[in-house]
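Here is my_file-v5.csv, consisting of CSV, C-alpha atoms:
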chain,number,residue,atom,x,y,z
T,27,MET,CA,40.1,-23.0,130.6
T,28,ALA,CA,37.3,-24.4,128.4
T,29,GLN,CA,36.4,-22.3,125.4
T,30,LYS,CA,32.9,-20.7,125.6
T,31,ARG,CA,30.3,-21.9,123.2
T,32,ASP,CA,28.6,-19.5,120.8
T,33,TYR,CA,25.6,-17.9,122.6
T,34,TYR,CA,23.3,-18.7,119.6
T,35,GLU,CA,24.4,-22.3,119.7
T,36,VAL,CA,23.7,-22.5,123.4
T,37,LEU,CA,20.1,-21.3,123.0
T,38,GLU,CA,19.7,-23.4,119.8
T,39,ILE,CA,18.5,-20.4,117.7
T,40,GLY,CA,19.6,-18.7,114.5
T,41,ARG,CA,21.5,-15.5,114.4
T,42,ASP,CA,18.5,-13.7,113.0
T,43,ALA,CA,16.2,-14.8,115.9
T,44,GLY,CA,13.8,-12.1,117.2
T,45,GLU,CA,13.3,-11.1,120.8
T,46,ALA,CA,10.3,-13.4,121.3
T,47,GLU,CA,12.2,-16.4,119.9
T,48,ILE,CA,15.2,-15.7,122.1
T,49,LYS,CA,13.0,-15.5,125.2
T,50,LYS,CA,11.1,-18.7,124.3
T,51,ALA,CA,14.3,-20.7,123.7
T,52,TYR,CA,15.8,-19.5,127.0
T,53,ARG,CA,12.7,-20.3,129.0
T,54,LYS,CA,12.5,-23.8,127.6
T,55,LEU,CA,16.2,-24.5,128.4
T,56,ALA,CA,16.1,-22.8,131.8
T,57,ILE,CA,13.1,-24.9,133.0
T,58,LYS,CA,14.7,-28.1,131.6
T,59,HIS,CA,18.0,-27.6,133.3
T,60,HIS,CA,17.0,-25.7,136.5
T,61,PRO,CA,18.9,-27.1,139.5
T,62,ASP,CA,15.6,-27.5,141.5
T,63,ARG,CA,14.4,-29.9,138.8
T,64,ASN,CA,17.6,-31.8,138.4
T,65,PRO,CA,19.1,-32.3,141.9
T,66,ASP,CA,20.9,-35.5,140.9
T,67,ASP,CA,22.4,-34.2,137.6
T,68,PRO,CA,25.7,-32.3,138.2
T,69,THR,CA,25.7,-31.1,134.6
T,70,ALA,CA,22.3,-29.4,134.7
T,71,ALA,CA,23.4,-26.5,136.8
T,72,GLU,CA,26.2,-25.6,134.3
T,73,LYS,CA,23.8,-25.9,131.4
T,74,PHE,CA,21.3,-23.6,133.3
T,75,ARG,CA,24.1,-21.1,134.0
T,76,GLU,CA,25.3,-21.2,130.4
T,77,ALA,CA,21.9,-20.6,128.9
T,78,THR,CA,21.2,-17.7,131.3
T,79,GLU,CA,24.5,-16.0,130.4
T,80,ALA,CA,23.6,-16.4,126.7
T,81,TYR,CA,20.1,-14.9,127.3
T,82,GLU,CA,21.4,-12.0,129.3
T,83,ALA,CA,23.8,-11.1,126.4
T,84,LEU,CA,21.3,-11.5,123.5
T,85,LYS,CA,18.1,-10.1,125.0
T,86,ASP,CA,19.7,-6.6,125.2
T,87,PRO,CA,20.0,-5.0,121.7
T,88,GLN,CA,23.2,-3.2,122.6
T,89,LYS,CA,25.0,-6.2,124.1
T,90,ARG,CA,23.8,-8.3,121.2
T,91,ALA,CA,25.2,-5.9,118.7
T,92,GLN,CA,28.6,-5.9,120.6
T,93,TYR,CA,28.5,-9.7,120.7
T,94,ASP,CA,27.6,-10.1,117.0
T,95,GLN,CA,30.6,-7.8,116.1
T,96,TYR,CA,33.3,-8.9,118.7
T,97,GLY,CA,32.1,-12.3,120.1
T,98,HIS,CA,32.9,-13.1,123.7
T,99,ALA,CA,35.7,-10.6,123.7
T,100,ALA,CA,33.1,-7.8,123.9
T,101,PHE,CA,32.4,-8.7,127.5
T,102,GLU,CA,35.8,-10.1,128.7
T,103,GLN,CA,38.0,-7.0,128.5
T,104,PRO,CA,37.9,-4.6,131.5
T,105,SER,CA,37.4,-0.9,130.8
T,106,GLY,CA,36.9,0.7,134.1
T,107,PRO,CA,37.0,0.1,137.9
T,108,GLY,CA,35.1,-2.9,139.0
T,109,GLY,CA,33.7,-4.2,135.7
T,110,GLY,CA,33.9,-4.9,132.0
T,111,PHE,CA,32.5,-2.6,129.3
T,112,GLY,CA,28.8,-3.0,128.5
T,113,GLY,CA,27.9,-4.5,131.8
T,114,MET,CA,28.4,-8.2,130.8
T,115,GLY,CA,31.0,-10.5,132.2
T,116,GLY,CA,31.4,-14.0,133.6
T,117,MET,CA,28.2,-15.2,135.3
T,118,ASP,CA,28.2,-17.4,138.3
T,119,MET,CA,25.3,-19.6,139.6
T,120,ASN,CA,24.0,-17.0,142.0
T,121,ASP,CA,23.8,-14.5,139.1
T,122,ALA,CA,22.1,-17.0,136.9
T,123,LEU,CA,19.4,-17.9,139.5
T,124,ALA,CA,18.8,-14.2,140.2
T,125,SER,CA,18.5,-13.5,136.5
T,126,PHE,CA,15.9,-16.2,136.1
T,127,LEU,CA,13.9,-14.8,139.0
T,128,ARG,CA,14.0,-11.3,137.5
T,129,ASN,CA,12.9,-12.5,134.1
T,130,PHE,CA,10.3,-15.2,135.0
T,131,GLY,CA,10.0,-15.6,138.8
T,132,GLY,CA,8.4,-18.7,140.2
T,133,PHE,CA,11.3,-20.6,141.7
T,134,GLY,CA,11.4,-18.7,145.0
T,135,ASP,CA,14.1,-16.4,146.4
T,136,VAL,CA,16.8,-19.1,146.4
T,137,PHE,CA,19.8,-16.8,147.2
T,138,GLY,CA,18.2,-13.9,149.1
T,139,GLY,CA,17.3,-11.7,146.1
T,140,GLY,CA,20.5,-12.0,144.1
T,141,GLY,CA,21.9,-9.0,142.4
T,142,GLY,CA,18.7,-7.0,142.1
T,143,ALA,CA,18.7,-3.3,143.1
T,144,GLY,CA,18.0,-3.1,146.8
T,145,GLY,CA,17.7,-6.8,147.3
T,146,GLY,CA,19.2,-9.1,149.9
T,147,ARG,CA,20.5,-8.2,153.4
T,148,GLY,CA,20.2,-4.4,153.1
T,149,ARG,CA,22.1,-4.1,149.8
T,150,GLY,CA,22.2,-0.5,148.5
T,151,ARG,CA,20.3,0.6,145.4
T,152,ASP,CA,22.0,0.6,142.0
T,153,LEU,CA,22.4,4.1,140.6
T,154,GLN,CA,22.7,5.5,137.1
T,155,VAL,CA,24.4,8.7,135.9
T,156,LYS,CA,24.8,10.2,132.4
T,157,VAL,CA,28.2,11.6,131.5
T,158,ALA,CA,28.5,14.0,128.5
T,159,ILE,CA,31.7,13.9,126.4
T,160,THR,CA,32.7,15.3,123.1
T,161,LEU,CA,33.5,13.3,120.0
T,162,ARG,CA,37.2,14.2,120.4
T,163,GLU,CA,37.1,12.8,124.0
T,164,ALA,CA,35.4,9.7,122.7
T,165,ALA,CA,38.1,9.3,120.1
T,166,ASP,CA,41.0,9.6,122.6
T,167,GLY,CA,39.5,8.2,125.7
T,168,VAL,CA,39.2,10.4,128.8
T,169,HIS,CA,39.0,10.5,132.6
T,170,LYS,CA,36.0,12.2,134.0
T,171,LYS,CA,35.1,13.0,137.7
T,172,VAL,CA,31.5,12.5,138.6
T,173,LYS,CA,29.9,13.8,141.8
T,174,LEU,CA,27.2,11.6,143.1
T,175,ARG,CA,24.4,12.4,145.6
T,176,LYS,CA,23.9,9.0,147.3
T,177,GLN,CA,23.5,7.2,150.5
T,178,VAL,CA,26.8,6.9,152.4
T,179,ALA,CA,27.7,5.2,155.7
T,180,CYS,CA,26.6,7.2,158.7
T,181,LYS,CA,29.6,8.7,160.6
T,182,GLU,CA,27.7,8.8,163.9
T,183,CYS,CA,27.3,5.1,164.2
T,184,GLY,CA,29.9,3.9,161.8
T,185,GLY,CA,27.2,2.4,159.6
T,186,SER,CA,25.9,0.0,162.3
T,187,GLY,CA,22.6,1.8,162.7
T,188,GLY,CA,22.8,1.6,166.5
T,189,ALA,CA,23.2,4.5,168.8
T,190,HIS,CA,26.7,4.8,170.4
T,191,GLY,CA,27.4,1.8,172.6
T,192,SER,CA,24.2,0.0,171.7
T,193,GLY,CA,24.1,-3.4,170.0
T,194,ALA,CA,21.7,-5.5,168.0
T,195,SER,CA,19.5,-8.4,169.0
T,196,ASP,CA,18.1,-11.4,167.2
T,197,CYS,CA,15.1,-10.6,165.0
T,198,PRO,CA,11.9,-11.8,166.7
T,199,GLU,CA,10.4,-12.7,163.4
T,200,CYS,CA,13.1,-15.1,162.1
T,201,HIS,CA,14.8,-15.8,165.4
T,202,GLY,CA,18.2,-14.7,164.0
T,203,SER,CA,18.2,-16.9,160.9
T,204,GLY,CA,17.5,-14.0,158.5
T,205,ARG,CA,15.2,-16.4,156.5
T,206,ARG,CA,11.7,-17.5,156.4
T,207,ARG,CA,9.9,-20.3,154.6
T,208,GLN,CA,7.1,-19.8,152.1
T,209,VAL,CA,5.1,-21.9,149.7
T,210,VAL,CA,5.0,-20.8,146.0
T,211,ARG,CA,3.4,-22.1,142.9
T,212,THR,CA,5.8,-22.6,140.0
T,213,LEU,CA,5.9,-24.0,136.5
T,214,LEU,CA,6.9,-27.3,138.1
T,215,GLY,CA,4.2,-27.3,140.8
T,216,GLN,CA,4.1,-26.2,144.4
T,217,MET,CA,7.4,-25.7,146.1
T,218,VAL,CA,8.6,-24.7,149.5
T,219,THR,CA,11.4,-22.1,149.4
T,220,GLU,CA,13.3,-19.8,151.7
T,221,VAL,CA,13.2,-16.0,151.3
T,222,ALA,CA,14.8,-13.1,153.2
T,223,CYS,CA,13.0,-12.1,156.4
T,224,ASN,CA,10.9,-8.9,155.9
T,225,ARG,CA,11.4,-7.7,159.5
T,226,CYS,CA,15.2,-7.7,159.4
T,227,GLY,CA,15.9,-7.6,155.7
T,228,GLY,CA,17.7,-10.9,155.9
T,229,ARG,CA,20.3,-9.7,158.5
T,230,GLY,CA,19.0,-11.8,161.3
T,231,SER,CA,19.2,-9.0,163.8
T,232,VAL,CA,17.4,-5.7,164.6
T,233,VAL,CA,18.7,-2.6,166.3
T,234,THR,CA,17.5,-2.1,169.8
T,235,ASP,CA,18.5,1.6,170.1
T,236,PRO,CA,18.5,3.2,166.7
T,237,CYS,CA,21.1,5.9,165.8
T,238,GLY,CA,19.5,9.4,165.9
T,239,ALA,CA,21.4,10.6,162.8
T,240,CYS,CA,20.4,7.8,160.4
T,241,ARG,CA,17.3,6.5,162.3
T,242,GLY,CA,18.8,3.0,162.5
T,243,THR,CA,19.5,2.5,158.8
T,244,GLY,CA,23.2,3.0,159.0
T,245,THR,CA,23.3,5.4,156.0
T,246,VAL,CA,22.7,9.1,155.4
T,247,ARG,CA,22.5,11.3,152.3
T,248,GLY,CA,25.9,12.4,151.2
T,249,GLU,CA,28.3,12.8,148.3
T,250,GLU,CA,31.0,10.8,146.6
T,251,THR,CA,33.3,11.8,143.7
T,252,VAL,CA,34.0,9.0,141.3
T,253,GLU,CA,36.7,9.0,138.6
T,254,VAL,CA,35.5,7.3,135.5
T,255,ARG,CA,38.0,6.0,132.9
T,256,ILE,CA,36.1,6.2,129.6
T,257,PRO,CA,37.7,4.0,126.9
T,258,ALA,CA,38.4,5.3,123.4
T,259,GLY,CA,35.7,4.5,120.9
T,260,VAL,CA,32.5,4.7,123.0
T,261,SER,CA,29.3,5.8,121.3
T,262,ARG,CA,26.2,7.5,122.7
T,263,GLY,CA,24.2,5.1,124.8
T,264,ASN,CA,27.1,2.8,125.6
T,265,TYR,CA,27.6,2.3,129.3
T,266,MET,CA,30.0,1.0,132.0
T,267,ASP,CA,29.0,-0.7,135.2
T,268,MET,CA,31.1,0.2,138.3
T,269,GLN,CA,30.8,-2.1,141.2
T,270,GLY,CA,30.4,-0.7,144.7
T,271,HIS,CA,29.7,2.9,143.8
T,272,GLY,CA,25.9,2.9,144.2
T,273,ASP,CA,24.0,3.7,147.4
T,274,GLY,CA,25.5,2.3,150.6
T,275,GLY,CA,23.8,-0.7,152.1
T,276,GLU,CA,21.8,-0.5,155.3
T,277,ARG,CA,23.7,-1.4,158.5
T,278,GLY,CA,26.8,-2.7,156.7
T,279,GLY,CA,25.0,-4.3,153.7
T,280,ARG,CA,26.7,-4.5,150.4
T,281,THR,CA,26.9,-1.2,148.4
T,282,GLY,CA,25.0,-1.0,145.2
T,283,ASP,CA,26.6,-0.6,141.8
T,284,LEU,CA,26.8,2.5,139.5
T,285,ARG,CA,25.9,2.5,135.8
T,286,VAL,CA,27.6,5.3,133.8
T,287,VAL,CA,25.9,6.0,130.5
T,288,PHE,CA,27.9,7.9,127.9
T,289,ASP,CA,26.3,10.8,126.0
T,290,VAL,CA,28.6,11.7,123.1
T,291,SER,CA,27.8,15.1,121.6
T,292,GLU,CA,27.7,15.9,117.9
T,293,ASP,CA,30.9,17.4,116.4
T,294,GLU,CA,31.0,20.7,114.4
T,295,ILE,CA,33.1,19.1,111.7
T,296,PHE,CA,32.7,15.4,111.7
T,297,GLU,CA,29.5,13.3,111.4
T,298,ARG,CA,29.9,9.9,113.0
T,299,ARG,CA,28.6,6.8,111.3
T,300,GLY,CA,29.5,3.9,113.5
T,301,ASP,CA,33.3,3.7,113.6
T,302,ASP,CA,33.6,5.9,110.5
T,303,LEU,CA,33.6,9.7,110.3
T,304,LEU,CA,32.2,11.7,107.4
T,305,ILE,CA,33.3,15.2,106.5
T,306,ASP,CA,32.1,17.4,103.6
T,307,VAL,CA,34.8,19.3,101.6
T,308,PRO,CA,33.5,22.1,99.3
T,309,VAL,CA,35.5,22.5,96.0
T,310,SER,CA,34.8,24.9,93.1
T,311,PRO,CA,33.5,23.5,89.8
T,312,VAL,CA,36.7,24.6,88.1
T,313,ASP,CA,38.8,22.6,90.5
T,314,LEU,CA,36.5,19.6,89.9
T,315,MET,CA,37.1,19.9,86.2
T,316,LEU,CA,40.8,20.5,86.4
T,317,GLY,CA,41.7,18.5,89.5
T,318,VAL,CA,43.0,19.9,92.7
T,319,LYS,CA,44.8,18.9,95.9
T,320,VAL,CA,42.9,19.8,99.1
T,321,GLU,CA,43.7,19.8,102.8
T,322,VAL,CA,41.3,17.7,104.8
T,323,PRO,CA,40.9,17.9,108.6
T,324,THR,CA,41.2,14.6,110.5
T,325,LEU,CA,41.4,13.6,114.1
T,326,ASP,CA,45.2,13.4,113.7
T,327,GLY,CA,45.6,16.8,111.9
T,328,ARG,CA,45.3,17.8,108.3
T,329,VAL,CA,46.1,15.5,105.4
T,330,ALA,CA,46.4,16.2,101.7
T,331,LEU,CA,43.9,14.6,99.4
T,332,LYS,CA,44.2,14.6,95.6
T,333,VAL,CA,40.9,15.2,93.8
T,334,PRO,CA,41.3,13.9,90.2
T,335,ALA,CA,40.2,16.0,87.2
T,336,GLY,CA,36.6,15.3,86.2
T,337,THR,CA,35.5,14.4,89.8
T,338,GLN,CA,31.7,14.7,90.2
T,339,THR,CA,30.1,16.4,93.1
T,340,HIS,CA,29.2,14.1,96.1
T,341,LYS,CA,32.1,11.8,95.2
T,342,VAL,CA,33.2,10.1,98.4
T,343,PHE,CA,36.9,9.3,99.1
T,344,ARG,CA,38.0,7.0,101.9
T,345,LEU,CA,40.9,7.7,104.2
T,346,ARG,CA,41.8,4.3,105.8
T,347,GLY,CA,42.3,4.2,109.5
T,348,LYS,CA,41.4,7.8,110.1
T,349,GLY,CA,38.1,7.2,111.8
T,350,MET,CA,37.1,6.4,115.4
T,351,PRO,CA,38.9,3.7,117.5
T,352,ARG,CA,37.0,0.4,117.6
T,353,LEU,CA,36.1,-0.8,121.1
T,354,HIS,CA,38.1,-3.8,122.2
T,355,ARG,CA,40.2,-3.7,119.1
T,356,SER,CA,43.5,-2.0,118.1
T,357,ASP,CA,42.3,-0.7,114.7
T,358,ARG,CA,40.2,2.3,113.7
T,359,GLY,CA,37.4,3.0,111.4
T,360,ASP,CA,37.8,5.1,108.2
T,361,GLN,CA,37.2,8.8,107.4
T,362,LEU,CA,34.9,9.4,104.5
T,363,VAL,CA,35.5,12.6,102.5
T,364,ARG,CA,32.5,13.8,100.5
T,365,ILE,CA,33.4,16.3,97.8
T,366,LEU,CA,30.7,18.9,97.2
T,367,ALA,CA,30.6,21.4,94.3
T,368,TRP,CA,30.6,24.9,95.6
T,369,THR,CA,29.4,27.8,93.5
T,370,PRO,CA,29.4,31.5,94.5
T,371,ASP,CA,26.1,33.3,95.2
T,372,LYS,CA,27.0,36.2,92.9
T,373,LEU,CA,29.4,36.9,90.0
T,374,SER,CA,30.7,40.1,88.8
T,375,ALA,CA,30.1,41.3,85.2
T,376,ASP,CA,33.7,40.5,84.3
T,377,GLU,CA,33.5,37.0,85.7
T,378,LYS,CA,30.3,36.3,83.8
T,379,ALA,CA,31.9,37.5,80.6
T,380,ARG,CA,34.8,35.2,81.0
T,381,LEU,CA,32.6,32.2,81.8
T,382,GLU,CA,30.2,32.5,78.9
T,383,PRO,CA,32.5,31.0,76.3
T,384,LEU,CA,33.2,28.1,78.6
T,385,ARG,CA,29.5,27.5,79.2
T,386,ALA,CA,28.9,27.5,75.5
T,387,GLY,CA,31.7,25.0,74.9
T,388,LEU,CA,30.4,22.6,77.6
T,389,ALA,CA,26.7,22.8,76.8
T,390,SER,CA,26.8,19.9,74.3
T,391,ARG,CA,28.6,17.7,76.7
T,392,VAL,CA,26.1,17.9,79.5
T,393,PRO,CA,24.2,14.5,79.8
T,394,ALA,CA,20.4,14.3,79.6
T,395,PRO,CA,18.4,14.0,82.8
T,396,GLY,CA,18.1,10.5,84.2
T,397,ARG,CA,19.0,8.1,87.0
T,398,GLY,CA,22.5,7.3,88.3
T,399,LEU,CA,24.2,10.5,87.1
T,400,VAL,CA,25.9,10.9,90.5
T,401,ASP,CA,27.7,7.9,91.9
structure tokens encoding of this file:
Amino acid sequence: MAQKRDYYEVLEIGRDAGEAEIKKAYRKLAIKHHPDRNPDDPTAAEKFREATEAYEALKDPQKRAQYDQYGHAAFEQPSGPGGGFGGMGGMDMNDALASFLRNFGGFGDVFGGGGGAGGGRGRGRDLQVKVAITLREAADGVHKKVKLRKQVACKECGGSGGAHGSGASDCPECHGSGRRRQVVRTLLGQMVTEVACNRCGGRGSVVTDPCGACRGTGTVRGEETVEVRIPAGVSRGNYMDMQGHGDGGERGGRTGDLRVVFDVSEDEIFERRGDDLLIDVPVSPVDLMLGVKVEVPTLDGRVALKVPAGTQTHKVFRLRGKGMPRLHRSDRGDQLVRILAWTPDKLSADEKARLEPLRAGLASRVPAPGRGLVD
């Protein structure tokens, strides 16, 4: 299998390219290599597909960040039923043409609407659902059951849309072809293309005696419970695309897809910073002066941390490999332990009396005000 080229190299742009530059570069390449413009060049279609795949990855800030960090591996490893994590995977020619139509239009509906929601031969709508998980669940990975309200196949007619015993006849508009011709103006001039028939939705047939339960659509409102396998290391806003779990397609059309968006709640102990975790540990000023060993909570349980004598407040220690799992990798981030000087709100008269000599002794050693006192 040929190794994929770098997406930035494919689009002939730098890694610091902005959104407008990425779009401009893709448009130029897509028009240059579009199959309709290069019918006698067998390499043009592959260049068009390659450029479109690169654009789909880099135009989305989240996918681009994943690609910048993990390369092509970010989109190649599966993480749930029916699709890879982040909604990006191998793109075929149909996908590429549909993507070009969504982004720019102008070349006609070459493949019956492609993968767009609700497009092409009664395809069901794509759905989106948000799933709330805790930081601990995001760290370990978790299975969640999600109940969906969606269009499902009608039981009365078995999804056919016709009343019991009735059939379908050829569409009078397209005469059974499911397609109709239209003339469109494109970047390359006037072109004659084929699009899905409006009357039959591209199916080529119409129901002569509609089902009373679904009114001839083949679907009714129902429920489906979907089990989602959430991989370890996801962040808020990450998502997973699950094929075939959206709305059911009309009269046997393809079912839409489901996008599951993850909402990771804040933790009471840890503050997440990418793949690292931050925790504040309060220590008395005396312990900071003399040194102390403290127990620090981690995702794996408590660990002992030695705080050396003379440690200043806000000093940060790093526990390697104690942070969040990294997506698509076997390693983990780090845990950052920030030491904070804690002082009591009130002191007894006896405590004050014992501290006064210490204060007098340390007064001459306190540095003058200025910048960079706390590292």
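Atom pair CA of Lys89 (chain T) / CA of Tyr33 (chain T) has a distance of 11.8 Å (rounded to one decimal).
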Practice task
Could you pull out every residue with an atom within 7 Å of (19.8, -17.5, 131.5), file coordinates, counting only C-alpha atoms, and send them as a PyMOL selection string?
Solution key: chain T and resi 52+56+74-82+122+125-126
Problem - Computed interatomic separation between CA of Leu304 (chain T) and CA of Gly263 (chain T) (Å) - result: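 So the answer is 20.3 Å.
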Fill in the blank from the handout: His340 (chain T) proximity check over T:Gly202, T:Gly248, T:Pro61, T:Pro308, using all atoms listed in the file: winner is T:Pro308
If you take all atoms listed in the file and a cut-off of 9 Å, which residues of region 263-332 of chain T touch region 256-259 of chain T, and what are their nearest atom pairs and distances in Å to one decimal, in chain and number order, as a Markdown table?
| residue | atom | partner | partner_atom | distance |
| --- | --- | --- | --- | --- |
| T:Met266 | CA | T:Ile256 | CA | 8.4 |
| T:Phe288 | CA | T:Ile256 | CA | 8.5 |
| T:Asp301 | CA | T:Gly259 | CA | 7.7 |
Give me, as CSV, the closest atom pair and its distance (Å, one decimal) for every residue of region 246-280 of chain T within a cut-off of 10 Å of region 185-201 of chain T, counting only C-alpha atoms, rows sorted by chain and rising number.
residue,atom,partner,partner_atom,distance
T:Val246,CA,T:Gly185,CA,9.1
T:Gly274,CA,T:Gly185,CA,9.2
T:Gly275,CA,T:Gly185,CA,8.8
T:Glu276,CA,T:Gly185,CA,7.5
T:Arg277,CA,T:Ser186,CA,4.6
T:Gly278,CA,T:Gly185,CA,5.9
T:Gly279,CA,T:Gly185,CA,9.2
Exercise for the section: Around the point (22.5, 12.7, 149.6) in the file's coordinates, collect all residues with an atom within 8 Å, using only C-alpha atoms, and return them as a ChimeraX atom specification. Expected result: /T:175-178,246-249
Keeping only C-alpha atoms, write the selected residues as an mmCIF file, in the coordinates of the input.
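Writing the result to out.cif gives the following:
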data_model
loop_
_atom_site.group_PDB
_atom_site.id
_atom_site.type_symbol
_atom_site.label_atom_id
_atom_site.label_comp_id
_atom_site.auth_asym_id
_atom_site.auth_seq_id
_atom_site.Cartn_x
_atom_site.Cartn_y
_atom_site.Cartn_z
ATOM 1 C CA ARG T 175 24.400 12.400 145.600
ATOM 2 C CA LYS T 176 23.900 9.000 147.300
ATOM 3 C CA GLN T 177 23.500 7.200 150.500
ATOM 4 C CA VAL T 178 26.800 6.900 152.400
ATOM 5 C CA VAL T 246 22.700 9.100 155.400
ATOM 6 C CA ARG T 247 22.500 11.300 152.300
ATOM 7 C CA GLY T 248 25.900 12.400 151.200
ATOM 8 C CA GLU T 249 28.300 12.800 148.300
#
Problem - Computed interatomic separation between CA of Gln95 (chain T) and CA of Val342 (chain T) (Å) - result: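 Taking CA of Gln95 (chain T) as the start and CA of Val342 (chain T) as the end point, the length is 25.3 Å.
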Handout entry: T:Cys180, T:Val157, T:Val307, T:Leu384 ranked by distance to Ile295 (chain T), top pick (using all atoms listed in the file)
Key =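 Using all atoms listed in the file, the shortest distance to Ile295 (chain T) belongs to T:Val307.
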Exercise for the section: Determine, counting all atoms listed in the file, which protein, DNA and RNA residues have an atom within 12 Å of an atom of region 323-332 of chain T; residues of the same chain fewer than 2 positions away are not included. Present the result as JSON, numbers by chain. Expected result: {"T": [161, 162, 163, 164, 165, 166, 293, 294, 295, 296, 297, 302, 303, 304, 305, 306, 307, 309, 313, 314, 316, 317, 318, 319, 320, 321, 334, 335, 337, 342, 343, 344, 345, 346, 347, 348, 349, 350, 351, 358, 359, 360, 361, 362, 363, 364, 365]}
Exercise for the section: Rank T:Ala379, T:Pro65, T:Lys85, T:Ala239 by their smallest atom-to-atom distance to Leu37 (chain T), using all atoms listed in the file, and report the top residue only. Expected result: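 Distance minimum relative to Leu37 (chain T) lands on T:Lys85.
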Handout entry: Who sits within 10 Å of Asn224 (chain T), all atoms listed in the file, same chain under 4 positions skipped, as JSON, numbers by chain
Key = {"T": [147, 199, 200, 204, 205, 206, 228, 229]}
Completion exercise
Using all atoms listed in the file, the residue out of T:Arg255, T:Arg285, T:His98, T:Arg53 with shortest distance to Arg31 (chain T) is T:His98
Assuming 5 Å of padding per side, give the centre and edge lengths of the axis-aligned box around every listed atom of region 77-96 of chain T, in Å to one decimal and as JSON.
{"center_x": 25.7, "center_y": -11.9, "center_z": 123.7, "size_x": 25.2, "size_y": 27.4, "size_z": 25.2}
Handout entry: Top pick for closest residue to Val36 (chain T), considering T:Ser231, T:Glu72, T:Gln154, T:Leu388 and counting only C-alpha atoms
Key =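 For Val36 (chain T), the nearest of the given residues is T:Glu72.
Closest approach to Leu84 (chain T) from the set T:Ala386, T:Val254, T:Cys237, T:Ile39 is made by T:Ile39, with distances taken over all atoms listed in the file.
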